[in-house]
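J.: Can you read through this structure? Questions will come right after.
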4 protein chains.
Amino acid sequence: MPSTSVPPSLAQEIPPLLGRYREIRAATEALCRPLQVEDYVLQAMPDASPTRWHLAHVSWFFETFVLEPRVPAYRPFDPRYRALFNSYYNAVGPQFSRPVRGHLSRPTVAEVYAYRAHVDRGVASVLRSGNAEVVAPMVELGLQHEQQHQELILTDIKFNLSVNPLRPHCYPVTIPVGGETSRLDWLDVPGGVVWIGTDGPGFAFDNEGPRHRTLLAPYRLATRPVTNGEYLEFVDSGGYRDWRWWTSEGWRIVQERGWDAPLYWERDTDEWHVYTLAGPIALDPASPVAHVSWFEADAYARWRGWRLPTEAEWEHAATDLAIVGNFQESGLFHPLPAPGGDDLRQAFGDVWEWTQSAYLPYPGFQPMSGDAGEYNGKFMINQMVLRGGSCATSRSHIRPSYRNFFPPDARWQFSGIRLAADL
Amino acid sequence: MPSTSVPPSLAQEIPPLLGRYREIRAATEALCRPLQVEDYVLQAMPDASPTRWHLAHVSWFFETFVLEPRVPAYRPFDPRYRALFNSYYNAVGPQFSRPVRGHLSRPTVAEVYAYRAHVDRGVASVLRSGNAEVVAPMVELGLQHEQQHQELILTDIKFNLSVNPLRPHCYPVTIPVGGETSRLDWLDVPGGVVWIGTDGPGFAFDNEGPRHRTLLAPYRLATRPVTNGEYLEFVDSGGYRDWRWWTSEGWRIVQERGWDAPLYWERDTDEWHVYTLAGPIALDPASPVAHVSWFEADAYARWRGWRLPTEAEWEHAATDLAIVGNFQESGLFHPLPAPGGDDLRQAFGDVWEWTQSAYLPYPGFQPMSGDAGEYNGKFMINQMVLRGGSCATSRSHIRPSYRNFFPPDARWQFSGIRLAADL
Amino acid sequence: MPSTSVPPSLAQEIPPLLGRYREIRAATEALCRPLQVEDYVLQAMPDASPTRWHLAHVSWFFETFVLEPRVPAYRPFDPRYRALFNSYYNAVGPQFSRPVRGHLSRPTVAEVYAYRAHVDRGVASVLRSGNAEVVAPMVELGLQHEQQHQELILTDIKFNLSVNPLRPHCYPVTIPVGGETSRLDWLDVPGGVVWIGTDGPGFAFDNEGPRHRTLLAPYRLATRPVTNGEYLEFVDSGGYRDWRWWTSEGWRIVQERGWDAPLYWERDTDEWHVYTLAGPIALDPASPVAHVSWFEADAYARWRGWRLPTEAEWEHAATDLAIVGNFQESGLFHPLPAPGGDDLRQAFGDVWEWTQSAYLPYPGFQPMSGDAGEYNGKFMINQMVLRGGSCATSRSHIRPSYRNFFPPDARWQFSGIRLAADL
Amino acid sequence: MPSTSVPPSLAQEIPPLLGRYREIRAATEALCRPLQVEDYVLQAMPDASPTRWHLAHVSWFFETFVLEPRVPAYRPFDPRYRALFNSYYNAVGPQFSRPVRGHLSRPTVAEVYAYRAHVDRGVASVLRSGNAEVVAPMVELGLQHEQQHQELILTDIKFNLSVNPLRPHCYPVTIPVGGETSRLDWLDVPGGVVWIGTDGPGFAFDNEGPRHRTLLAPYRLATRPVTNGEYLEFVDSGGYRDWRWWTSEGWRIVQERGWDAPLYWERDTDEWHVYTLAGPIALDPASPVAHVSWFEADAYARWRGWRLPTEAEWEHAATDLAIVGNFQESGLFHPLPAPGGDDLRQAFGDVWEWTQSAYLPYPGFQPMSGDAGEYNGKFMINQMVLRGGSCATSRSHIRPSYRNFFPPDARWQFSGIRLAADL
């Protein structure tokens, strides 16, 4: 439906940030191309917003934080969108209730794409104007924000389609199954006083700084994430029926929700399948386990006699690694088996890795100033940190200092497990 | 989207029931023509099913109760629809959970129309075959059923669109406002032992019989329903803040849900508007009040010093009236002011009229036999009877003996009030 | 704890109503004598109020409706009790929240008894005064009210103790078990236009009138209630797992609440026991089944191919019977097997009998005037009528025209089943 | 009711641990002396268990973890108590449901005291036996456990009585009001690599270790907790109506629960009162604010431009302080104004101090072995650490390394605020 191509003859005149803007905006729309109009409307749980909403909200972000405050001539596409597509910014004003975003059919999908085009024209215009430098930081924030929502578009549509007994195949790709399981080794790290977090120079969210020192005891990290095959041993051994492996709250949730395997695992007679954005496939023992909550990650680690890493341990070990892996760009939207090797693998891409660190402010943390200050800081309670990005994350979006965070019962992200231990 | 025209040269060969089938099926689809694809998916409360679901479920009814048991060669369109579009027939098997019908985007709207066409071909074939007489009663039930869902398509899409702050205008019609209020008179009825209910010969649901005698004391009925203007006096006098007019459960609900006016009434500074399927319009004092619950109807009557009629009183008074009024066929989907006159007016059409009768079996009631026996009987508890049809009911669907029923807190139907009293 | 004895030498001077007052008040306290102080505080579900609350509320009734309006010199025991022990009288003012009456420990039990004594002195004084005739009707209402709460004290403490895994034996009585099952016969009644309800001259609640005529078709009634043995056949035949016998709402509740037998039935290996106020006893096949909801009564009747009687059928058949049976006065608080005989037995006492009549106003019904007008009328929605009293009802409290009412899912009363059919 | 005196002539023969046992057990019962029997039964929210339950549960702890495994001749008082008074030990077996502990009246209060005496005899016997050394560690744990429940008895009965509109005065003490507010100063701490946690030699819970090093940046701490007067400025300035000070979850809870001041604050016309265990008193501006949630503590700190301390900052600053302050032993059960001085005051006693540290395992943490291993470790998620003890804590129970923990919305503990900042 959307058209985002740029005539090649003009491409050289495009300011670099505008080029990046167009690329990321086009990538968002490309993710939606296989969807049916009906799919855009779904919200099967409060956390899984409709695709329509994501497409509009990320445009609202540019409209609200770039165009309205900085472009006097800008006319909003529809002033009622200010509340309708506000996610949680109290500084901007009221918000349409999040759990019922799926109760709206209007604006239609076509109107949302028209809204996007309207905002795109506004941003292009300001980025070609004398104001470009002034707006650049907020445009960059908007692009990072849009990349976060690219991932959410994928994880949300996966959840929303998964509740349909027809088991829709959404993306016409073939996910390779049947590769070999890479050997599980351990990387020993000596510890000491290390630097954590970032102060730039590249883009980072406010919650990734200030850069500061912390003291690490010697520790070891698994060289790759836990695989489906390994996790299946936990399932088969009765791990979901044995309170010993679980925190008290985790055990309550396992029982209340009837969990007996990761989200999207389905047992068909005695074969396990997993639901993917390409439809159901056989469970691949060699691939990293995904869609586990922190409660499950923590229980699994305890069952194995290990533990989850802290976020500082993770960052310290990953900070000099090349950012390679299976990202959104592969178009598979599903984790793959780890490649061979002795070093730390799959730190980036494939699955986010739960840590045992609560999502709290770094020493000296200050939220960014202005209306976007609510972006990260106000969520620093009752959430746990995940690191490293996933197969739904854009490669250009992830960094070693990146702090993702979700409540410990969240399972609909591509969240997995890397084991750690004291040395 | 659907095409239902019949070449005129063939029309004379069509069996009468098939003609009626095609007419009613086409009418259903005509109601959906103004909808956007996105609208078909919505379910903003458990009671208000998605249009997609209604369109498929009424076809499922013909497939399940006519084609599968009676047409050996019939191939179901998709065997998974048996559960997916089963509403509440335990005899047929499991059912997809009703409150989350809006969590499905597949089958798509286009696929649902293809499903309808598939079923249409099957029904046409059997109605042209030697089996026509055998299936006729069940086809007729299916058509009455589809007419009920026509009304629900309208009331459900009205509710589902109403929660959208954009206040969508769905049907491009102009609702006349500003007519004169017809005088309120009283019709005195002498009472005595009277016959109630029907045993035919025309179609009736099982719950409308057996025909039986009952004893009525002399009573009076208002010659027309309560108007918006009259009901507004109740609102303005503080009726929603005064426990004296309410049953105990009604008063609890008024407070818990914050009711202060009928559903769809909105005060804009000091003007009242009502949301309609044609978008918001000014409140018309002359039109019948609609979208009140039984609790509100009962409270209003008590406040006025009157009461609601029993269903026997209503039926006895209406039984010989001509079935004229403002029905679905007017295309307005909104009640109109009563015409002038001294006799009982608007008994049919415009608004359903709450009675003070609980929905219970008539003496000697037996549910119809077979799998469709769950149609009516199993709902005979905690519901109140409404009579007379509404502006969303097809004129060909209503009769004096017709018993509609909803729980006393339901407001999303076109439900209104006719006053009564003892003589 | 309470002392209610009257010196015999003075007894002859007591006005008859005061004598009756003292008798009923003493009977209430006698019911509480076996309780421990801790028992008085319990409320294990919103419907089952603490004994403390009942004892105080019935006194509040006399204080609020007799003493305060009619005895100028009366000083309330504690003005804060006006709200604390108001059940649901909006005309009197605010009410302490009903579901959390068990969250209060003060006033203590001793203080509540002191409150009772204070009110008793006030009532005695006014009944000896020149005002006695003026207050007599309201005192009589208060006594009938207290008798209703005597029954609730028993049913509520039974429920509240039943959730305790220690299975307390509260009343030191022996319930006879092992009698013979009386034969089930049928009484045929010709029908016709009959009189129902009462206009006096004895005491009756407002909802029992006005007396009016109704038309009954010929019908038959079972000569005794359904027994445990008969009901056990329904249980054993899988009745609770077969949707065919249940209304839609009943079936939903059976599944949501996991019902598989009447309340208080417990299967111990393959023996059934029932919890009673004297502790658990073996299930007696000959005794009437008790503690079934309307949903279960209705399902049982459907399974047997019969139905429940209407309240008019019940009253017409019972109106000339002697009021004999197993009442509160037997001290057993448990239903007993029906005596032999061919006529209608156990119409009064043992178990309340669910009817298929919704609790609605009789033609011409007006609530009594004054603040006590909320007593009955405001509950006339979503409840079903029960008739005949139970083993927890005082014999002096019941009459043929008496209309008890509970929601169809209520099970904690001594509610049973009498079958009926069309002739 | 309980009798715990020991004949003085025998006192010298009592082994020291038995002496300590008797002292602590007697202290528990002394706390209950002012209660009415009815008070022991209350549970006005799931968190606030009945006093009866606490008295029995702490005895159950000795029975289950000391007597049953170690004293072959020991006969349990009632084998059904094993489940009835099990709090959350899955290793021991099933547990009576925590939110409905208030639905039980049996065993009665007298029976619970008899249970205590039975257990006391068992413990005394084993502590005088050759097994004394073997059981000593578990007895010590049981005593620390009982001291924790002493505090809960006080905080729970305070909550449970507070919902009573009669505002019961429970403890006959006079809380001094009207003292002077101590000056607020700041203590600067240089930071560096410091030792945190304990490895003994005195008793400590498993969660207080292992002792380990951590790196602190320089910081400052307020020399005393925030006072009511200071907190009132936050309330009066509209702090509860301004989202800017709150985390996202905190803001949601403030609105959902209608919080507008700390728990137990009540505005009476324009005077503030607070409910205490001695009944309502005027709000004392000089006393530490208590009964705030973590959300409120965090919001207050943000509003002032400061922050909460981390638990490591707190412990490092408090580790060498004398343990003096206003503890349970003062019998006031209410915080008092800080004494004058320039150093860190009220670190111990008066109010627990919320930190900005999530309750997570220290590096190398292992739960204690055996069935009591569920004591602390399984709660290490979604809770925040508090430090220092309160006016309801026994002085002999608190230490610098003590880690208390509650969810961030908990308010019924004596929880207050000490401010901190980066240097």
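Please note that chains go A, B, ... in the order of the structure tokens, that every chain numbers its residues from 1, and that ligands are numbered from 1 in the order shown.
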Just want the 9 Å neighbourhood of range 274-285 of chain B, counted on only C-alpha atoms, with same-chain residues fewer than 4 positions away dropped. Output as an mmCIF file with N, CA and C atoms, in the first residue's frame.

T.:
```
data_model
loop_
_atom_site.group_PDB
_atom_site.id
_atom_site.type_symbol
_atom_site.label_atom_id
_atom_site.label_comp_id
_atom_site.auth_asym_id
_atom_site.auth_seq_id
_atom_site.Cartn_x
_atom_site.Cartn_y
_atom_site.Cartn_z
ATOM 1 N N LEU B 154 -26.564 -4.080 13.163
ATOM 2 C CA LEU B 154 -26.754 -2.624 13.295
ATOM 3 C C LEU B 154 -26.469 -2.154 14.721
ATOM 4 N N THR B 155 -27.019 -2.842 15.691
ATOM 5 C CA THR B 155 -26.816 -2.360 17.069
ATOM 6 C C THR B 155 -25.370 -2.573 17.516
ATOM 7 N N ILE B 157 -22.594 -2.655 15.477
ATOM 8 C CA ILE B 157 -21.663 -1.723 14.827
ATOM 9 C C ILE B 157 -21.873 -0.318 15.395
ATOM 10 N N LYS B 158 -23.105 -0.011 15.767
ATOM 11 C CA LYS B 158 -23.341 1.294 16.399
ATOM 12 C C LYS B 158 -22.531 1.402 17.688
ATOM 13 N N LEU B 161 -18.625 1.465 16.928
ATOM 14 C CA LEU B 161 -18.121 2.731 16.394
ATOM 15 C C LEU B 161 -18.241 3.852 17.428
ATOM 16 N N SER B 162 -19.193 3.708 18.342
ATOM 17 C CA SER B 162 -19.461 4.816 19.267
ATOM 18 C C SER B 162 -18.312 5.090 20.218
ATOM 19 N N ARG B 167 -15.913 9.807 16.335
ATOM 20 C CA ARG B 167 -17.354 9.826 16.084
ATOM 21 C C ARG B 167 -17.690 9.561 14.614
ATOM 22 N N PRO B 168 -17.371 8.356 14.147
ATOM 23 C CA PRO B 168 -17.568 8.086 12.713
ATOM 24 C C PRO B 168 -19.035 8.189 12.292
ATOM 25 N N HIS B 169 -19.230 8.763 11.114
ATOM 26 C CA HIS B 169 -20.536 8.732 10.454
ATOM 27 C C HIS B 169 -20.507 7.494 9.569
ATOM 28 N N CYS B 170 -21.347 6.554 9.865
ATOM 29 C CA CYS B 170 -21.246 5.296 9.131
ATOM 30 C C CYS B 170 -22.229 5.257 7.960
ATOM 31 N N TYR B 171 -23.487 5.543 8.224
ATOM 32 C CA TYR B 171 -24.504 5.455 7.168
ATOM 33 C C TYR B 171 -24.817 6.859 6.667
ATOM 34 N N PRO B 172 -24.748 7.072 5.367
ATOM 35 C CA PRO B 172 -24.916 8.416 4.811
ATOM 36 C C PRO B 172 -26.381 8.775 4.655
ATOM 37 N N VAL B 173 -27.091 8.840 5.767
ATOM 38 C CA VAL B 173 -28.502 9.245 5.705
ATOM 39 C C VAL B 173 -28.698 10.471 6.578
ATOM 40 N N THR B 174 -29.808 11.150 6.336
ATOM 41 C CA THR B 174 -30.132 12.316 7.147
ATOM 42 C C THR B 174 -31.337 11.986 8.010
ATOM 43 N N ILE B 175 -31.134 12.066 9.303
ATOM 44 C CA ILE B 175 -32.220 11.745 10.228
ATOM 45 C C ILE B 175 -33.012 13.017 10.499
ATOM 46 N N PRO B 176 -34.308 13.026 10.201
ATOM 47 C CA PRO B 176 -35.091 14.243 10.402
ATOM 48 C C PRO B 176 -35.212 14.557 11.896
ATOM 49 N N VAL B 177 -35.025 15.802 12.250
ATOM 50 C CA VAL B 177 -35.109 16.247 13.640
ATOM 51 C C VAL B 177 -35.989 17.487 13.690
ATOM 52 N N GLY B 178 -36.762 17.656 14.739
ATOM 53 C CA GLY B 178 -37.491 18.902 14.909
ATOM 54 C C GLY B 178 -38.984 18.798 14.691
ATOM 55 N N GLY B 179 -39.494 17.594 14.548
ATOM 56 C CA GLY B 179 -40.946 17.423 14.399
ATOM 57 C C GLY B 179 -41.672 17.719 15.700
ATOM 58 N N GLU B 180 -43.000 17.625 15.629
ATOM 59 C CA GLU B 180 -43.782 17.949 16.802
ATOM 60 C C GLU B 180 -43.988 16.713 17.675
ATOM 61 N N THR B 181 -44.111 16.935 18.954
ATOM 62 C CA THR B 181 -44.369 15.824 19.868
ATOM 63 C C THR B 181 -45.848 15.486 19.849
ATOM 64 N N THR B 227 -41.097 9.914 25.128
ATOM 65 C CA THR B 227 -40.205 10.650 24.213
ATOM 66 C C THR B 227 -38.912 11.071 24.917
ATOM 67 N N ASN B 228 -37.958 11.461 24.102
ATOM 68 C CA ASN B 228 -36.719 12.038 24.646
ATOM 69 C C ASN B 228 -37.012 13.250 25.523
ATOM 70 N N GLY B 229 -37.941 14.070 25.084
ATOM 71 C CA GLY B 229 -38.258 15.272 25.854
ATOM 72 C C GLY B 229 -38.789 14.923 27.226
ATOM 73 N N GLU B 230 -39.663 13.935 27.282
ATOM 74 C CA GLU B 230 -40.188 13.510 28.578
ATOM 75 C C GLU B 230 -39.101 12.890 29.444
ATOM 76 N N TYR B 231 -38.272 12.079 28.812
ATOM 77 C CA TYR B 231 -37.223 11.416 29.575
ATOM 78 C C TYR B 231 -36.196 12.418 30.087
ATOM 79 N N LEU B 232 -35.966 13.451 29.286
ATOM 80 C CA LEU B 232 -35.033 14.505 29.701
ATOM 81 C C LEU B 232 -35.486 15.165 31.004
ATOM 82 N N LEU B 263 -27.741 5.478 27.081
ATOM 83 C CA LEU B 263 -26.563 5.242 26.251
ATOM 84 C C LEU B 263 -26.634 6.138 25.015
ATOM 85 N N TYR B 264 -25.499 6.654 24.615
ATOM 86 C CA TYR B 264 -25.355 7.467 23.394
ATOM 87 C C TYR B 264 -25.782 8.920 23.584
ATOM 88 N N TRP B 265 -26.298 9.282 24.754
ATOM 89 C CA TRP B 265 -26.544 10.701 25.017
ATOM 90 C C TRP B 265 -25.227 11.340 25.447
ATOM 91 N N GLU B 266 -24.946 12.487 24.888
ATOM 92 C CA GLU B 266 -23.734 13.211 25.270
ATOM 93 C C GLU B 266 -24.090 14.678 25.448
ATOM 94 N N ARG B 267 -23.682 15.246 26.560
ATOM 95 C CA ARG B 267 -23.960 16.655 26.776
ATOM 96 C C ARG B 267 -22.756 17.463 26.286
ATOM 97 N N VAL B 289 -37.549 7.878 23.351
ATOM 98 C CA VAL B 289 -36.269 7.624 23.986
ATOM 99 C C VAL B 289 -35.851 6.192 23.657
ATOM 100 N N LEU B 332 -33.116 4.417 8.127
ATOM 101 C CA LEU B 332 -32.684 5.474 9.054
ATOM 102 C C LEU B 332 -31.973 4.902 10.282
ATOM 103 N N PHE B 333 -32.409 3.716 10.714
ATOM 104 C CA PHE B 333 -31.813 3.076 11.892
ATOM 105 C C PHE B 333 -31.866 4.006 13.095
ATOM 106 N N HIS B 334 -32.939 4.694 13.223
ATOM 107 C CA HIS B 334 -33.132 5.629 14.330
ATOM 108 C C HIS B 334 -34.633 5.839 14.496
ATOM 109 N N LEU B 336 -38.292 7.555 15.159
ATOM 110 C CA LEU B 336 -38.894 8.818 14.712
ATOM 111 C C LEU B 336 -40.042 9.197 15.640
ATOM 112 N N PRO B 337 -40.443 10.469 15.616
ATOM 113 C CA PRO B 337 -41.594 10.879 16.436
ATOM 114 C C PRO B 337 -42.848 10.088 16.058
#
```

J.: Skipping near chain neighbours, those fewer than 3 positions away, what residues fall within 10 Å of Pro367 in chain A using only C-alpha atoms, listed as a compact mmCIF listing (two decimals) with C-alpha atoms, in the first residue's frame?

T.:
```txt
# COMPACT_ATOMS: atom_id res chain seq x y z
CA PHE A 205 18.92 6.61 25.24
CA ASP A 206 19.15 8.57 28.45
CA ASN A 207 18.86 5.38 30.50
CA GLY A 209 24.17 6.65 31.06
CA PRO A 361 18.59 4.35 37.25
CA GLY A 370 11.63 18.44 27.67
CA ALA A 372 10.12 13.50 25.79
CA GLY A 373 11.60 13.17 29.26
CA GLU A 374 8.96 10.58 30.07
CA TYR A 375 10.52 8.26 27.47
CA ASN A 376 12.41 5.92 29.79
CA GLY A 377 12.82 7.13 33.33
CA LYS A 378 9.31 6.72 34.60
```

J.: Can you tell me, as a ChimeraX atom specification, what residues are no more than 7 Å from range 214-225 of chain C when counting only C-alpha atoms, ignoring any on the same chain fewer than 6 positions away?

T.: /B:214-215 /C:184-196,288,338,343-346,417-423

J.: Limited to C-alpha atoms, could you put the picked residues into a file as a PDB file, in the first residue's frame?

T.:
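Written file, selection-v6.pdb:
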```pdb
ATOM      1  CA  THR B 214     -54.399 -15.775  30.990  1.00  0.00           C
ATOM      2  CA  LEU B 215     -56.354 -13.455  33.261  1.00  0.00           C
TER       3      LEU B 215
ATOM      4  CA  LEU C 184     -43.417 -40.144  45.823  1.00  0.00           C
ATOM      5  CA  ASP C 185     -46.971 -39.524  44.666  1.00  0.00           C
ATOM      6  CA  TRP C 186     -48.672 -36.857  42.665  1.00  0.00           C
ATOM      7  CA  LEU C 187     -51.470 -34.557  43.566  1.00  0.00           C
ATOM      8  CA  ASP C 188     -53.648 -33.446  40.643  1.00  0.00           C
ATOM      9  CA  VAL C 189     -55.146 -29.971  40.843  1.00  0.00           C
ATOM     10  CA  PRO C 190     -57.908 -28.930  38.438  1.00  0.00           C
ATOM     11  CA  GLY C 191     -56.916 -25.292  37.852  1.00  0.00           C
ATOM     12  CA  GLY C 192     -59.251 -22.434  37.015  1.00  0.00           C
ATOM     13  CA  VAL C 193     -59.409 -18.822  38.171  1.00  0.00           C
ATOM     14  CA  VAL C 194     -58.128 -18.791  41.743  1.00  0.00           C
ATOM     15  CA  TRP C 195     -57.310 -16.242  44.405  1.00  0.00           C
ATOM     16  CA  ILE C 196     -53.657 -15.683  45.240  1.00  0.00           C
ATOM     17  CA  PRO C 288     -35.072 -33.759  51.267  1.00  0.00           C
ATOM     18  CA  ALA C 338     -41.069 -36.788  54.819  1.00  0.00           C
ATOM     19  CA  ASP C 343     -51.450 -35.792  50.639  1.00  0.00           C
ATOM     20  CA  LEU C 344     -49.133 -32.864  50.141  1.00  0.00           C
ATOM     21  CA  ARG C 345     -46.409 -33.210  52.765  1.00  0.00           C
ATOM     22  CA  GLN C 346     -43.576 -30.926  53.928  1.00  0.00           C
ATOM     23  CA  ILE C 417     -37.114 -28.945  45.125  1.00  0.00           C
ATOM     24  CA  ARG C 418     -40.741 -29.957  44.665  1.00  0.00           C
ATOM     25  CA  LEU C 419     -41.599 -31.235  41.196  1.00  0.00           C
ATOM     26  CA  ALA C 420     -44.634 -30.240  39.146  1.00  0.00           C
ATOM     27  CA  ALA C 421     -46.106 -30.922  35.720  1.00  0.00           C
ATOM     28  CA  ASP C 422     -48.910 -29.938  33.402  1.00  0.00           C
ATOM     29  CA  LEU C 423     -51.952 -32.115  33.435  1.00  0.00           C
TER      30      LEU C 423
END
```

J.: Where in range 155-228 of chain B does DSSP assign helix (DSSP H, G or I), given as a ChimeraX atom specification?

T.: /B:155-162,206-208,228

J.: Would you mind exporting the chosen residues as a compact mmCIF listing (two decimals), in the first residue's frame, restricted to C-alpha atoms?

T.:
```txt
# COMPACT_ATOMS: atom_id res chain seq x y z
CA THR B 155 -26.82 -2.36 17.07
CA ASP B 156 -23.36 -3.90 17.43
CA ILE B 157 -21.66 -1.72 14.83
CA LYS B 158 -23.34 1.29 16.40
CA PHE B 159 -21.84 0.42 19.75
CA ASN B 160 -18.47 -0.52 18.33
CA LEU B 161 -18.12 2.73 16.39
CA SER B 162 -19.46 4.82 19.27
CA ASP B 206 -40.92 -21.91 19.99
CA ASN B 207 -40.95 -19.44 22.88
CA GLU B 208 -44.07 -17.70 21.49
CA ASN B 228 -36.72 12.04 24.65
```

J.: How close does each residue of chain B get to chain A, giving the shortest atom pair and distance in Å to one decimal for every residue with an atom at most 10 Å away, counting only C-alpha atoms, sorted by chain and residue number, as CSV?

T.:
```
residue,atom,partner,partner_atom,distance
B:Gln36,CA,A:Thr108,CA,7.7
B:Val37,CA,A:Glu38,CA,6.6
B:Glu38,CA,A:Ser105,CA,5.1
B:Asp39,CA,A:Ser105,CA,5.2
B:Tyr40,CA,A:Glu38,CA,8.0
B:Val41,CA,A:Glu38,CA,6.5
B:Leu42,CA,A:His103,CA,5.9
B:Gln43,CA,A:His103,CA,6.4
B:Ala44,CA,A:His103,CA,5.1
B:Met45,CA,A:His103,CA,8.7
B:Arg80,CA,A:Leu166,CA,7.5
B:Tyr81,CA,A:Leu166,CA,9.1
B:Ala83,CA,A:Pro165,CA,9.5
B:Leu84,CA,A:Pro165,CA,7.9
B:Phe96,CA,A:Pro165,CA,8.7
B:Val100,CA,A:Ala44,CA,7.9
B:Arg101,CA,A:Asn164,CA,9.7
B:Gly102,CA,A:Leu42,CA,7.4
B:His103,CA,A:Ala44,CA,5.1
B:Leu104,CA,A:Asn164,CA,5.8
B:Ser105,CA,A:Glu38,CA,5.1
B:Arg106,CA,A:Leu166,CA,7.4
B:Pro107,CA,A:Leu166,CA,8.1
B:Thr108,CA,A:Glu38,CA,6.5
B:Val109,CA,A:Glu38,CA,7.7
B:Asn160,CA,A:His103,CA,7.0
B:Leu161,CA,A:Leu104,CA,7.3
B:Ser162,CA,A:Leu104,CA,9.4
B:Val163,CA,A:His103,CA,7.3
B:Asn164,CA,A:Leu104,CA,5.8
B:Pro165,CA,A:Leu84,CA,7.9
B:Leu166,CA,A:Arg106,CA,7.4
B:Arg167,CA,A:Arg106,CA,9.1
B:Pro168,CA,A:Arg106,CA,7.5
```

J.: How many Å lie between CA of Trp412 in chain D and CA of Val58 in chain D, rounded to one decimal?

T.: 20.6 Å

J.: Taking 3 positions as the minimum chain separation for residues in the same chain, which residues sit within 12 Å of Gln150 in chain C when counting only C-alpha atoms? Answer as an NGL selection string.

T.: :C and (24-32 or 51 or 53-55 or 57-58 or 143-147 or 153-157 or 327-329 or 333 or 390-395 or 397)

J.: Just the strand (DSSP E or B) stuff from range 121-353 of chain B, please, per backbone DSSP, written as number ranges by chain.

T.: B: 186-189, 192-196, 212-216, 219-222, 227, 265-268, 271-276, 279-282, 288, 307, 352-353

J.: What gap, in Å, lies between CA of Gly122 in chain C and CA of Arg70 in chain C?

T.: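 Computing it gives 10.7 Å between the two atoms.
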
J.: Report the distance between CA of Tyr88 in chain C and CA of Glu256 in chain C in Å, rounded to one decimal place.

T.: 29.0 Å

J.: Skip range 317-325 of chain C itself and residues of its chain fewer than 6 positions away, then list as a ChimeraX atom specification all residues within 6 Å of it, counting only C-alpha atoms.

T.: /C:348-349,400

J.: Create the file for the chosen residues now, containing N, CA, C and O atoms and written as a PDB file, in the first residue's frame.

T.:
```pdb
ATOM      1  N   PHE C 348     -44.601 -27.019  54.374  1.00  0.00           N
ATOM      2  CA  PHE C 348     -44.018 -26.048  55.312  1.00  0.00           C
ATOM      3  C   PHE C 348     -42.861 -26.693  56.071  1.00  0.00           C
ATOM      4  O   PHE C 348     -42.934 -27.867  56.447  1.00  0.00           O
ATOM      5  N   GLY C 349     -41.821 -25.916  56.275  1.00  0.00           N
ATOM      6  CA  GLY C 349     -40.676 -26.412  57.026  1.00  0.00           C
ATOM      7  C   GLY C 349     -39.741 -27.250  56.175  1.00  0.00           C
ATOM      8  O   GLY C 349     -39.919 -27.375  54.956  1.00  0.00           O
ATOM      9  N   PRO C 400     -48.976 -19.549  54.003  1.00  0.00           N
ATOM     10  CA  PRO C 400     -49.077 -19.976  52.596  1.00  0.00           C
ATOM     11  C   PRO C 400     -48.722 -18.866  51.606  1.00  0.00           C
ATOM     12  O   PRO C 400     -48.198 -19.135  50.532  1.00  0.00           O
TER      13      PRO C 400
END
```
